[in-house]
file entry_37.cif (mmCIF, C-alpha atoms)
data_final
loop_
_atom_site.group_PDB
_atom_site.id
_atom_site.type_symbol
_atom_site.label_atom_id
_atom_site.label_comp_id
_atom_site.auth_asym_id
_atom_site.auth_seq_id
_atom_site.Cartn_x
_atom_site.Cartn_y
_atom_site.Cartn_z
ATOM 1 C CA MET A 1 19.977 65.574 -7.808
ATOM 2 C CA ASN A 2 19.525 63.635 -11.050
ATOM 3 C CA LEU A 3 20.176 59.928 -11.678
ATOM 4 C CA HIS A 4 23.644 60.512 -13.113
ATOM 5 C CA GLU A 5 24.742 62.399 -10.010
ATOM 6 C CA GLN A 6 23.290 59.753 -7.695
ATOM 7 C CA PHE A 7 25.144 56.875 -9.349
ATOM 8 C CA LYS A 8 28.343 58.592 -10.551
ATOM 9 C CA GLY A 9 30.417 56.602 -8.041
ATOM 10 C CA GLY A 10 29.244 53.270 -9.435
ATOM 11 C CA PHE A 11 29.199 50.093 -7.373
ATOM 12 C CA THR A 12 31.628 47.545 -6.029
ATOM 13 C CA ARG A 13 30.505 43.969 -5.557
ATOM 14 C CA GLY A 14 32.409 41.184 -3.851
ATOM 15 C CA SER A 15 35.826 41.328 -2.245
ATOM 16 C CA GLY A 16 39.403 40.298 -2.961
ATOM 17 C CA ILE A 17 39.840 38.531 -6.279
ATOM 18 C CA ARG A 18 36.065 38.279 -6.601
ATOM 19 C CA THR A 19 35.633 42.056 -6.700
ATOM 20 C CA GLU A 20 33.716 43.542 -9.591
ATOM 21 C CA GLU A 21 33.694 47.265 -10.300
ATOM 22 C CA ILE A 22 30.551 48.590 -11.948
ATOM 23 C CA LEU A 23 31.306 52.184 -12.933
ATOM 24 C CA HIS A 24 28.992 54.855 -14.271
ATOM 25 C CA ASP A 25 29.590 55.645 -17.945
ATOM 26 C CA ASP A 26 29.485 59.438 -18.071
ATOM 27 C CA ARG A 27 29.545 59.455 -21.883
ATOM 28 C CA VAL A 28 25.793 58.746 -21.831
ATOM 29 C CA THR A 29 24.051 62.008 -21.018
ATOM 30 C CA ASN A 30 20.388 61.082 -21.516
ATOM 31 C CA GLU A 31 18.648 61.976 -18.248
ATOM 32 C CA HIS A 32 16.464 58.833 -18.383
ATOM 33 C CA VAL A 33 19.217 56.311 -19.175
ATOM 34 C CA LEU A 34 21.976 55.048 -16.912
ATOM 35 C CA GLN A 35 24.792 53.080 -18.473
ATOM 36 C CA PHE A 36 27.488 51.293 -16.516
ATOM 37 C CA LEU A 37 30.806 49.744 -17.467
ATOM 38 C CA MET A 38 31.768 46.537 -15.714
ATOM 39 C CA TYR A 39 35.310 45.515 -14.788
ATOM 40 C CA ASP A 40 36.778 42.515 -13.017
ATOM 41 C CA ALA A 41 39.052 42.652 -9.957
ATOM 42 C CA ASN A 42 42.013 43.704 -12.107
ATOM 43 C CA LEU A 43 39.959 46.477 -13.744
ATOM 44 C CA TYR A 44 40.044 44.537 -17.001
ATOM 45 C CA PRO A 45 36.981 45.594 -19.028
ATOM 46 C CA CYS A 46 34.344 43.057 -19.909
ATOM 47 C CA PRO A 47 33.969 42.477 -23.678
ATOM 48 C CA ASN A 48 31.765 44.725 -25.810
ATOM 49 C CA LEU A 49 28.906 42.354 -26.595
ATOM 50 C CA SER A 50 27.352 44.706 -29.127
ATOM 51 C CA THR A 51 29.958 43.532 -31.655
ATOM 52 C CA TRP A 52 29.024 39.850 -31.240
ATOM 53 C CA LYS A 53 26.544 37.866 -33.317
ATOM 54 C CA PRO A 54 23.027 37.958 -31.781
ATOM 55 C CA LYS A 55 22.944 34.251 -30.813
ATOM 56 C CA ALA A 56 26.345 34.391 -29.140
ATOM 57 C CA ARG A 57 25.474 37.664 -27.395
ATOM 58 C CA GLN A 58 22.212 36.236 -26.022
ATOM 59 C CA ALA A 59 23.977 33.067 -24.868
ATOM 60 C CA VAL A 60 26.505 35.157 -22.902
ATOM 61 C CA ILE A 61 23.735 37.312 -21.420
ATOM 62 C CA ASP A 62 21.749 34.227 -20.381
ATOM 63 C CA LEU A 63 24.809 32.538 -18.892
ATOM 64 C CA THR A 64 25.841 35.707 -17.072
ATOM 65 C CA PHE A 65 22.355 36.107 -15.610
ATOM 66 C CA LEU A 66 22.402 32.490 -14.458
ATOM 67 C CA CYS A 67 25.856 32.906 -12.887
ATOM 68 C CA TYR A 68 24.849 36.084 -11.076
ATOM 69 C CA THR A 69 21.712 34.392 -9.789
ATOM 70 C CA ILE A 70 23.789 31.507 -8.442
ATOM 71 C CA ILE A 71 26.344 33.883 -6.908
ATOM 72 C CA PHE A 72 23.571 35.942 -5.303
ATOM 73 C CA LEU A 73 22.008 32.808 -3.815
ATOM 74 C CA LEU A 74 25.394 31.623 -2.530
ATOM 75 C CA TYR A 75 25.973 34.981 -0.817
ATOM 76 C CA GLU A 76 22.520 34.700 0.750
ATOM 77 C CA VAL A 77 23.332 31.216 2.079
ATOM 78 C CA LEU A 78 26.720 32.381 3.408
ATOM 79 C CA ASP A 79 25.075 35.336 5.132
ATOM 80 C CA LYS A 80 22.551 33.038 6.794
ATOM 81 C CA LEU A 81 25.305 30.678 7.931
ATOM 82 C CA GLU A 82 27.286 33.584 9.398
ATOM 83 C CA GLU A 83 24.184 34.791 11.254
ATOM 84 C CA ARG A 84 23.847 31.389 12.918
ATOM 85 C CA GLN A 85 27.409 31.381 14.256
#
call {"tool": "encode", "arguments": {"input": "entry_37.cif", "output": "structure tokens"}}
result
Amino acid sequence: MNLHEQFKGGFTRGSGIRTEEILHDDRVTNEHVLQFLMYDANLYPCPNLSTWKPKARQAVIDLTFLCYTIIFLLYEVLDKLEERQ
């Protein structure tokens, strides 16, 4: 089984209105590259950053990384709190 077959179902993160769908992009056929398309809870596609100016693109990438780090840490804290109850 190659990488594309393993990840063809994509991922779902979150729940309810916080759900994000991260779907495998089957248009990329390179056996060493996986590409995913990301959608919000309403399956509205995220913007194509490759068309943005480099400074704006990097700012969005940095902000997104920071937000995901914060969200990940919040989920970790919530999990720990649930374990204690």
call {"tool": "closest_residue", "arguments": {"input": "entry_37.cif", "among": "A:Trp52, A:Phe36, A:Phe65, A:Tyr44", "to": "A:Lys8", "atoms": "all atoms listed in the file"}}
result
A:Phe36
call {"tool": "closest_residue", "arguments": {"input": "entry_37.cif", "among": "A:Leu66, A:Met38, A:Ile61, A:Val33", "to": "A:Glu21", "atoms": "only C-alpha atoms"}}
result
A:Met38
call {"tool": "resolve_selection", "arguments": {"input": "entry_37.cif", "expression": "the PyMOL selection byres ((chain A and resi 31) around 12)", "output": "MDAnalysis selection string"}}
result
chainID A and resid 1:6 26:30 32:35
call {"tool": "atom_distance", "arguments": {"input": "entry_37.cif", "atom1": "atom CA of A:Pro47", "atom2": "atom CA of A:Asp25"}}
result
15.0 Å
call {"tool": "atom_distance", "arguments": {"input": "entry_37.cif", "atom1": "atom CA of A:Thr19", "atom2": "atom CA of A:Tyr39"}}
result
8.8 Å
call {"tool": "resolve_selection", "arguments": {"input": "entry_37.cif", "expression": "the PyMOL selection byres ((chain A and resi 13) around 12)", "output": "mmCIF file with C-alpha atoms, in the frame of the given file"}}
result
data_model
loop_
_atom_site.group_PDB
_atom_site.id
_atom_site.type_symbol
_atom_site.label_atom_id
_atom_site.label_comp_id
_atom_site.auth_asym_id
_atom_site.auth_seq_id
_atom_site.Cartn_x
_atom_site.Cartn_y
_atom_site.Cartn_z
ATOM 1 C CA GLY A 10 29.244 53.270 -9.435
ATOM 2 C CA PHE A 11 29.199 50.093 -7.373
ATOM 3 C CA THR A 12 31.628 47.545 -6.029
ATOM 4 C CA GLY A 14 32.409 41.184 -3.851
ATOM 5 C CA SER A 15 35.826 41.328 -2.245
ATOM 6 C CA GLY A 16 39.403 40.298 -2.961
ATOM 7 C CA ILE A 17 39.840 38.531 -6.279
ATOM 8 C CA ARG A 18 36.065 38.279 -6.601
ATOM 9 C CA THR A 19 35.633 42.056 -6.700
ATOM 10 C CA GLU A 20 33.716 43.542 -9.591
ATOM 11 C CA GLU A 21 33.694 47.265 -10.300
ATOM 12 C CA ILE A 22 30.551 48.590 -11.948
ATOM 13 C CA LEU A 23 31.306 52.184 -12.933
ATOM 14 C CA MET A 38 31.768 46.537 -15.714
ATOM 15 C CA TYR A 39 35.310 45.515 -14.788
ATOM 16 C CA ASP A 40 36.778 42.515 -13.017
ATOM 17 C CA ALA A 41 39.052 42.652 -9.957
ATOM 18 C CA TYR A 68 24.849 36.084 -11.076
ATOM 19 C CA ILE A 71 26.344 33.883 -6.908
ATOM 20 C CA PHE A 72 23.571 35.942 -5.303
ATOM 21 C CA TYR A 75 25.973 34.981 -0.817
#
